[in-house]
Structures are given as C-alpha cells and as structure tokens.
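Colleague: So that you have it, the file is start.cif, and it contains mmCIF, C-alpha atoms:
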```
data_query
#
loop_
_atom_site.label_atom_id
_atom_site.label_comp_id
_atom_site.auth_asym_id
_atom_site.auth_seq_id
_atom_site.Cartn_x
_atom_site.Cartn_y
_atom_site.Cartn_z
CA MET A 1 0.00 0.00 0.00
CA SER A 2 1.24 3.49 -0.79
CA ASN A 3 1.21 6.57 1.41
CA LEU A 4 -0.62 8.60 -1.23
CA ASP A 5 -3.81 10.28 -0.04
CA PHE A 6 -6.36 9.63 -2.80
CA LYS A 7 -9.36 11.97 -2.63
CA TYR A 8 -10.79 10.66 -5.89
CA GLY A 9 -9.77 7.41 -7.54
CA ASN A 10 -8.32 4.26 -6.06
CA GLU A 11 -4.68 3.45 -5.38
CA ASN A 12 -5.43 -0.19 -6.21
CA SER A 13 -6.25 0.83 -9.78
CA PRO A 14 -4.56 4.16 -10.55
CA LYS A 15 -5.59 5.74 -13.84
CA GLY A 16 -2.08 6.87 -14.77
CA HIS A 17 -3.00 10.57 -14.75
CA ALA A 18 -3.62 12.61 -11.64
CA ILE A 19 -4.05 16.07 -10.19
CA ILE A 20 -1.81 16.50 -7.16
CA TYR A 21 -2.80 19.43 -4.96
CA PHE A 22 -1.45 21.18 -1.90
CA GLU A 23 -2.72 23.68 0.64
CA GLU A 24 -1.25 26.99 1.75
CA TYR A 25 -3.56 28.61 4.27
CA ASP A 26 -6.89 28.92 2.40
CA GLU A 27 -5.40 28.60 -1.07
CA LEU A 28 -4.85 25.52 -3.23
CA TYR A 29 -1.84 24.81 -5.44
CA ALA A 30 -1.89 22.03 -8.00
CA SER A 31 -0.01 20.25 -10.72
CA TYR A 32 -0.74 17.44 -13.16
CA VAL A 33 1.16 14.19 -13.51
CA MET A 34 0.83 11.70 -16.35
CA ASP A 35 2.52 8.32 -16.51
CA PHE A 36 3.26 7.46 -20.13
CA PRO A 37 2.30 3.91 -21.15
CA ILE A 38 5.01 4.08 -23.83
CA SER A 39 8.46 5.43 -22.98
CA GLY A 40 10.61 7.31 -25.46
CA ASP A 41 13.94 9.03 -25.95
CA LEU A 42 13.20 12.75 -25.92
CA THR A 43 16.62 13.66 -27.33
CA LYS A 44 15.56 12.28 -30.74
CA TYR A 45 13.14 15.20 -31.10
CA ILE A 46 15.40 17.96 -29.75
CA PRO A 47 17.71 20.09 -31.90
CA GLU A 48 21.36 19.10 -31.55
CA MET A 49 22.33 22.34 -29.82
CA PHE A 50 19.92 21.65 -26.92
CA LYS A 51 20.58 17.94 -26.39
CA ASP A 52 23.12 18.49 -23.64
CA GLN A 53 20.35 20.07 -21.54
CA ILE A 54 18.12 16.98 -21.68
CA PRO A 55 18.57 14.10 -19.19
CA ASP A 56 19.86 10.84 -20.68
CA GLU A 57 17.11 8.64 -19.25
CA GLU A 58 13.95 7.80 -21.17
CA MET A 59 10.96 10.04 -20.66
CA THR A 60 8.32 8.01 -18.83
CA LYS A 61 6.16 10.69 -17.22
CA MET A 62 5.20 14.33 -17.35
CA ILE A 63 4.73 16.75 -14.46
CA PHE A 64 3.22 20.08 -15.45
CA PRO A 65 3.62 22.65 -14.21
CA PRO A 66 6.87 21.47 -12.55
CA ILE A 67 6.12 23.69 -9.55
CA PRO A 68 2.57 23.64 -8.11
CA GLU A 69 0.58 26.58 -9.41
CA LYS A 70 -2.22 28.40 -7.60
CA PHE A 71 -5.61 26.88 -8.44
CA VAL A 72 -8.39 29.35 -9.11
CA GLY A 73 -11.25 27.80 -7.17
CA ASN A 74 -11.97 25.86 -4.00
CA TYR A 75 -11.72 22.17 -3.08
CA GLU A 76 -15.21 21.43 -4.40
CA ASN A 77 -14.26 22.92 -7.79
CA LEU A 78 -11.06 20.86 -7.90
CA TYR A 79 -12.85 17.66 -6.86
CA SER A 80 -15.56 18.21 -9.50
CA LEU A 81 -12.89 18.82 -12.14
CA ALA A 82 -11.08 15.57 -11.30
CA LYS A 83 -14.37 13.66 -11.27
CA LYS A 84 -15.49 15.11 -14.61
CA ARG A 85 -12.15 14.31 -16.27
CA GLU A 86 -11.79 10.96 -14.47
CA ASP A 87 -8.40 11.99 -13.12
CA ASP A 88 -7.08 10.67 -9.83
CA LEU A 89 -7.02 13.42 -7.20
CA ILE A 90 -4.22 13.26 -4.64
CA TYR A 91 -3.70 15.46 -1.61
CA GLY A 92 -0.05 16.34 -1.01
CA GLY A 93 -0.34 18.26 2.27
CA SER A 94 0.77 21.81 2.90
CA ILE A 95 3.49 23.77 1.10
CA ASN A 96 5.21 27.12 1.25
CA SER A 97 4.74 28.47 -2.28
CA SER A 98 7.60 30.93 -1.84
CA ASP A 99 9.98 28.01 -1.21
CA VAL A 100 10.26 26.88 -4.82
CA THR A 101 12.86 24.16 -4.21
CA SER A 102 10.89 22.51 -1.42
CA SER A 103 7.59 22.69 -3.37
CA MET A 104 9.16 21.13 -6.46
CA SER A 105 10.82 18.41 -4.40
CA LYS A 106 7.58 17.50 -2.64
CA LEU A 107 5.69 17.39 -5.95
CA ASN A 108 8.35 15.22 -7.61
CA SER A 109 8.38 12.79 -4.69
CA LEU A 110 4.59 12.33 -4.84
CA ALA A 111 4.62 12.10 -8.65
CA ASN A 112 7.28 9.39 -8.53
CA GLU A 113 5.32 7.45 -5.95
CA TYR A 114 2.19 7.76 -8.06
CA THR A 115 3.84 6.62 -11.28
CA ASP A 116 5.41 3.71 -9.39
CA LEU A 117 1.86 2.56 -8.62
CA THR A 118 1.08 2.36 -12.32
CA SER A 119 4.34 0.59 -13.13
CA SER A 120 4.19 -3.05 -14.22
CA LYS A 121 6.59 -3.98 -11.41
CA ASN A 122 3.71 -3.48 -8.98
CA PHE A 123 1.20 -5.67 -10.81
CA ASP A 124 2.07 -8.78 -8.81
CA ASP A 125 1.44 -6.96 -5.53
CA LEU A 126 -1.79 -5.57 -6.91
CA ASP A 127 -2.99 -9.03 -7.88
CA LYS A 128 -2.42 -10.18 -4.31
CA LEU A 129 -4.43 -7.27 -2.98
CA ILE A 130 -7.48 -7.97 -5.10
CA SER A 131 -7.25 -11.74 -5.63
CA ASP A 132 -9.80 -12.50 -2.92
CA ILE A 133 -12.37 -9.96 -4.14
CA PRO A 134 -15.21 -11.65 -6.03
CA ILE A 135 -14.90 -10.63 -9.65
CA ASP A 136 -17.18 -13.24 -11.20
CA LYS A 137 -19.65 -11.05 -13.12
CA LYS A 138 -22.24 -13.83 -13.10
CA GLU A 139 -22.08 -13.99 -9.32
CA ILE A 140 -22.66 -10.24 -9.03
CA ASP A 141 -25.39 -10.14 -11.70
CA ASN A 142 -27.32 -12.86 -9.87
CA HIS A 143 -26.85 -11.34 -6.43
CA LYS A 144 -29.67 -9.80 -4.40
CA TYR A 145 -27.77 -6.49 -4.29
CA LYS A 146 -27.64 -5.88 -8.05
CA ASP A 147 -31.01 -4.07 -8.22
CA MET A 148 -30.58 -1.97 -5.07
CA ASP A 149 -29.88 1.75 -5.34
CA GLU A 150 -26.80 3.18 -3.69
CA SER A 151 -28.59 4.49 -0.62
CA ASP A 152 -30.01 1.02 0.11
CA LEU A 153 -26.60 -0.57 -0.48
CA LEU A 154 -24.98 1.76 2.05
CA ALA A 155 -27.73 0.92 4.55
CA GLU A 156 -26.97 -2.75 3.88
CA ILE A 157 -23.29 -2.12 4.61
CA THR A 158 -24.22 -0.67 8.00
CA LYS A 159 -26.26 -3.78 8.77
CA LEU A 160 -23.43 -6.08 7.73
CA ILE A 161 -20.95 -4.26 9.97
CA GLY A 162 -23.36 -4.71 12.89
CA LYS A 163 -23.70 -8.42 12.11
CA ILE A 164 -19.91 -8.81 11.96
CA ASN A 165 -19.54 -7.24 15.40
CA PHE A 166 -22.25 -9.56 16.77
CA SER A 167 -20.57 -12.60 15.19
CA LYS A 168 -17.21 -11.59 16.69
CA ASP A 169 -18.75 -11.57 20.14
CA ASN A 170 -19.97 -15.13 19.50
CA ASN A 171 -16.75 -16.26 17.78
CA GLU A 172 -18.64 -17.26 14.60
CA ILE A 173 -15.67 -17.28 12.22
CA ASN A 174 -17.44 -18.79 9.20
CA GLU A 175 -20.27 -16.29 9.53
CA ILE A 176 -17.78 -13.41 9.65
CA ASP A 177 -16.06 -14.61 6.46
CA GLU A 178 -19.39 -14.74 4.65
CA LEU A 179 -20.34 -11.25 5.85
CA LYS A 180 -16.99 -9.90 4.64
CA ARG A 181 -17.68 -11.49 1.26
CA GLU A 182 -21.00 -9.64 1.13
CA ILE A 183 -19.21 -6.34 1.75
CA LYS A 184 -16.74 -7.15 -1.04
CA ILE A 185 -19.58 -7.81 -3.45
CA ILE A 186 -21.26 -4.52 -2.57
CA SER A 187 -17.92 -2.71 -2.98
CA THR A 188 -17.83 -3.87 -6.62
CA ILE A 189 -21.31 -2.43 -7.26
CA ILE A 190 -20.96 0.93 -5.51
CA PRO A 191 -18.72 3.52 -7.25
CA GLU A 192 -15.13 2.84 -6.23
CA ASN A 193 -14.48 6.39 -5.03
CA ARG A 194 -16.81 5.63 -2.08
CA LYS A 195 -13.94 3.44 -0.80
CA ILE A 196 -16.23 0.84 0.76
CA TYR A 197 -13.45 -1.74 0.27
CA LYS A 198 -11.46 0.16 2.93
CA LEU A 199 -13.87 -1.06 5.61
CA LEU A 200 -12.40 -4.55 5.29
CA GLU A 201 -9.11 -3.27 6.69
CA TYR A 202 -10.82 -2.38 9.96
CA VAL A 203 -13.58 -4.91 10.61
CA ASP A 204 -11.22 -6.98 12.76
CA LEU A 205 -11.11 -3.95 15.13
CA SER A 206 -7.34 -4.32 15.61
CA ASN A 207 -6.91 -0.56 15.29
CA PRO A 208 -8.11 1.29 18.42
CA ASN A 209 -9.91 3.73 16.11
CA SER A 210 -11.47 0.99 13.93
CA GLU A 211 -15.11 1.69 14.84
CA ASP A 212 -14.72 5.45 14.32
CA ILE A 213 -12.91 4.87 11.01
CA ILE A 214 -15.65 2.55 9.75
CA THR A 215 -18.33 5.07 10.73
CA ALA A 216 -16.42 7.89 9.01
CA TYR A 217 -16.01 5.92 5.76
CA ILE A 218 -19.72 5.11 5.65
CA SER A 219 -20.60 8.76 6.36
CA ARG A 220 -18.16 9.82 3.64
CA ALA A 221 -19.89 7.53 1.14
CA TYR A 222 -23.29 9.03 2.00
CA SER A 223 -21.85 12.55 1.66
CA LEU A 224 -20.46 11.74 -1.80
CA LEU A 225 -23.83 10.32 -2.79
CA ASN A 226 -25.49 13.56 -1.66
CA GLU A 227 -22.72 15.66 -3.31
CA ASP A 228 -21.97 17.34 0.02
CA TYR A 229 -18.30 17.91 -0.75
CA ILE A 230 -17.71 20.17 2.24
CA LYS A 231 -18.74 17.29 4.51
CA VAL A 232 -16.59 14.92 2.43
CA LYS A 233 -13.55 17.13 3.06
CA GLU A 234 -14.29 17.23 6.81
CA LEU A 235 -14.57 13.44 6.96
CA GLU A 236 -11.39 12.94 4.94
CA ASP A 237 -9.51 15.21 7.34
CA LEU A 238 -10.93 13.18 10.24
CA LEU A 239 -9.94 9.89 8.58
CA GLN A 240 -6.44 11.18 8.00
CA LYS A 241 -6.10 11.77 11.75
CA LEU A 242 -7.78 8.50 12.80
CA GLU A 243 -5.78 6.31 10.42
CA LYS A 244 -2.49 7.70 11.70
#
```
Once you've parsed the file, please lay out its structure as structure tokens.
Modeller:
Amino acid sequence: MSNLDFKYGNENSPKGHAIIYFEEYDELYASYVMDFPISGDLTKYIPEMFKDQIPDEEMTKMIFPPIPEKFVGNYENLYSLAKKREDDLIYGGSINSSDVTSSMSKLNSLANEYTDLTSSKNFDDLDKLISDIPIDKKEIDNHKYKDMDESDLLAEITKLIGKINFSKDNNEINEIDELKREIKIISTIIPENRKIYKLLEYVDLSNPNSEDIITAYISRAYSLLNEDYIKVKELEDLLQKLEK
C-alpha cells in the first residue's frame, strides 16, 4: 500500500493521470502528472544544440507545471474537475509556495510514488491485494444487491458491519467470512471512489480507532452520494487523523 492520499480514484487501480494538490492557508496549489504507457527518448526530437540540456534517461512521465501553481477555485471545484475528467485526485499536504525548491521536491516525490503505482513492477502486488475480491460477473449479476440503489446498499453495509460485530462476540468465524464477502460484493457495485473496500481493513477492530474509522467511511460515502463535498472534506480530514 502506498502513502498517497487519494481523494478521488483508487490506489489499487490508478488511472495513470492525476491532479496533485497542496494547501497553503486557504489557497490551493496544484499540478498534473501523467505516466506514459510508452516510454521514449526525448533527445531524438530535440535540436542538436539543446541535447546536452536533456537528461539521458527515457521520458516516462510528465509533471506540469513542474512547480505547483495556484488553483483558481476551492476544493469542491477541484474535486468536481477531477471527477469530470476521471483523473485521480491526490492530496499532497501543505506547502510554502515561496519556497520553490521545497515545493518542487515534494511534488516530484509524490509524482514518482504515483507513477510507481502504475508501473508493471507493482502488478504482482496488486494481484495479491485484489485476488480475494469476487470478480465473477455472473455472481454479481445474480446477487440480491444488483437491483438496489446506492442508498439502500450503504444501509446494507451498516447492517453487515453490525452483524460482523455480533458474530465476533460469538466467535462465529465462518459467519464473519461470509459477511466480509457480502461487503466485497457490494464494494464492486458501488462507485469505487466511495472506498467501501477500505472497511475490510478495519472490521477486525485491531486498530483502536477501527469503529470510528468505519463510521467515518460510511458517512463519507453518504456525503459523496449527496454531493456534500464540504462534509466529504471534513470526513477525509478526520480519517487522516484517525488512520495515523
């Protein structure tokens, strides 16, 4: 798992193009990173007199602008833009825009981590992460959840979490496994940016904040459904604190 803070998109299936944004007081600064599926030697397209200024390595990604630029708009505008374009949206923390070197370094570090996610060398790890999620389309199509709307599915998730807690108290291991499977199936039906799959990391309650984290993720999903992006931001800030 990476340390990237995805606000839209899913680190388990990165799109290869992302908006990375930062905060400075009440202002947002952003840049765009694209991981190229085909690498190339940039020097072939550069006039001879400029070739010494180009790095020798192959060009595999683009970061533009190379220093985060001020975004004209608020978080809701940026989130809507990423959603409309189907870009990943990644929060990079705070920066000091007057410290150009530090801002560029932070952006490059996050961009490298992001493009590493899309690299083929991570595919084996990714397969391990999702191998136990039911992906049989026939199974999902024939499931009782397939005709439910999102609000009902989220209510069902809340019920399943309650049943898991009850089964834990009674040490019903097989029942717990089946309930987890139900959550996995629902997570394939609900839009992935709701991050319902994240609940499975906390249902064992090994984290002292597990119950609060589960509640926050469910509330976040409802807020996304209702397009209450201010509430989404509040819950994401809370989750960032709880998951630390």
Colleague: Find the residues of range 64-88 of chain A that sit at most 8 Å from range 7-10 of chain A; for each, write down the nearest two atoms and how far apart they are in Å, to one decimal. Count all atoms listed in the file. Sort by chain, then by number going up, and give it as a tab-separated table.
Modeller:
```
residue	atom	partner	partner_atom	distance
A:Tyr79	CA	A:Tyr8	CA	7.4
A:Ala82	CA	A:Tyr8	CA	7.3
A:Lys83	CA	A:Tyr8	CA	7.1
A:Asp87	CA	A:Gly9	CA	7.3
A:Asp88	CA	A:Gly9	CA	4.8
```
Colleague: Would you list the residues near (-3.3, 6.0, 1.1), meaning any protein, DNA or RNA residue with an atom at most 12 Å from that point in file coordinates, counting all atoms listed in the file, as JSON, numbers by chain?
Modeller: {"A": [1, 2, 3, 4, 5, 6, 7, 8, 9, 10, 11, 12, 14, 89, 90, 91, 92, 110, 113, 114, 117, 195, 198, 236, 239, 240, 243, 244]}
Colleague: For the file shown, report as a PyMOL selection string the outcome of the PyMOL selection byres ((chain A and resi 21-23) around 7) at residue level.
Modeller: chain A and resi 19-20+24-31+90-95
Colleague: Calculate how many Å separate CA of Asp99 in chain A from CA of Met62 in chain A, rounding to one decimal.
Modeller: 21.7 Å
Colleague: Would you work out the distance separating CA of Tyr32 in chain A from CA of Ile63 in chain A, expressed in Å to one decimal?
Modeller: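 So the answer is 5.7 Å.
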Colleague: Measuring between only C-alpha atoms, which one of A:Val33, A:Ile189, A:Ser219, A:Asp169 shows the shortest distance to Ser109 in chain A?
Modeller: A:Val33
Colleague: Quick one: pull the distance between CA of Leu154 in chain A and CA of Gly16 in chain A, Å, one decimal.
Modeller: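 Going from CA of Leu154 in chain A over to CA of Gly16 in chain A, I get 28.9 Å.
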Colleague: Which of these, A:Glu69, A:Asp35, A:Asp147, A:Glu234, has the shortest distance to Thr115 in chain A once you count only C-alpha atoms?
Modeller: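 Going through A:Glu69, A:Asp35, A:Asp147, A:Glu234 one by one, the smallest distance to Thr115 in chain A is for A:Asp35.
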Colleague: So, counting all atoms listed in the file, which residue among A:Leu224, A:Leu238, A:Ile164, A:Ala18 is closest to Leu205 in chain A?
Modeller: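 Nearest candidate to Leu205 in chain A out of A:Leu224, A:Leu238, A:Ile164, A:Ala18: A:Ile164.
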Colleague: Considering only C-alpha atoms, state which residue in the set A:Glu182, A:Glu150, A:Asp204, A:Glu86 is at the smallest distance from Ile218 in chain A.
Modeller: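 Closest candidate: A:Glu150.
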Colleague: Could you tell me which residues the PyMOL selection byres ((chain A and resi 190) around 10) returns for this structure, as number ranges by chain?
Modeller: A: 146, 149-151, 153-154, 185-189, 191-197, 221
Colleague: Report as a ChimeraX atom specification the full result of the PyMOL selection byres ((chain A and resi 176) around 12) when it is applied to this structure.
Modeller: /A:160-175,177-183,200,203-204
Colleague: Output, as lines of an AutoDock Vina configuration file, the centre and edge lengths in Å (one decimal) of the axis-aligned box that contains all listed atoms of range 166-181 of chain A with 4 Å of margin on each side.
Modeller:
```
center_x = -19.0
center_y = -14.2
center_z = 10.7
size_x = 14.6
size_y = 17.2
size_z = 26.9
```
Colleague: Between A:Ser98, A:Asn77, A:Asp237, A:Ile38, which residue has the minimum interatomic distance to Arg220 in chain A, considering all atoms listed in the file?
Modeller: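 Under the stated criterion, the closest residue is A:Asp237.
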Colleague: Within 12 Å of (-12.9, 5.3, 18.3) (coordinates as in the file), grab all the protein and nucleic acid residues, counting all atoms listed in the file, and write them out as a list in words.
Modeller: Tyr202, Leu205, Ser206, Asn207, Pro208, Asn209, Ser210, Glu211, Asp212, Ile213, Ile214, Thr215, Ala216, Leu238, Leu239, Lys241, Leu242 and Glu243 of chain A
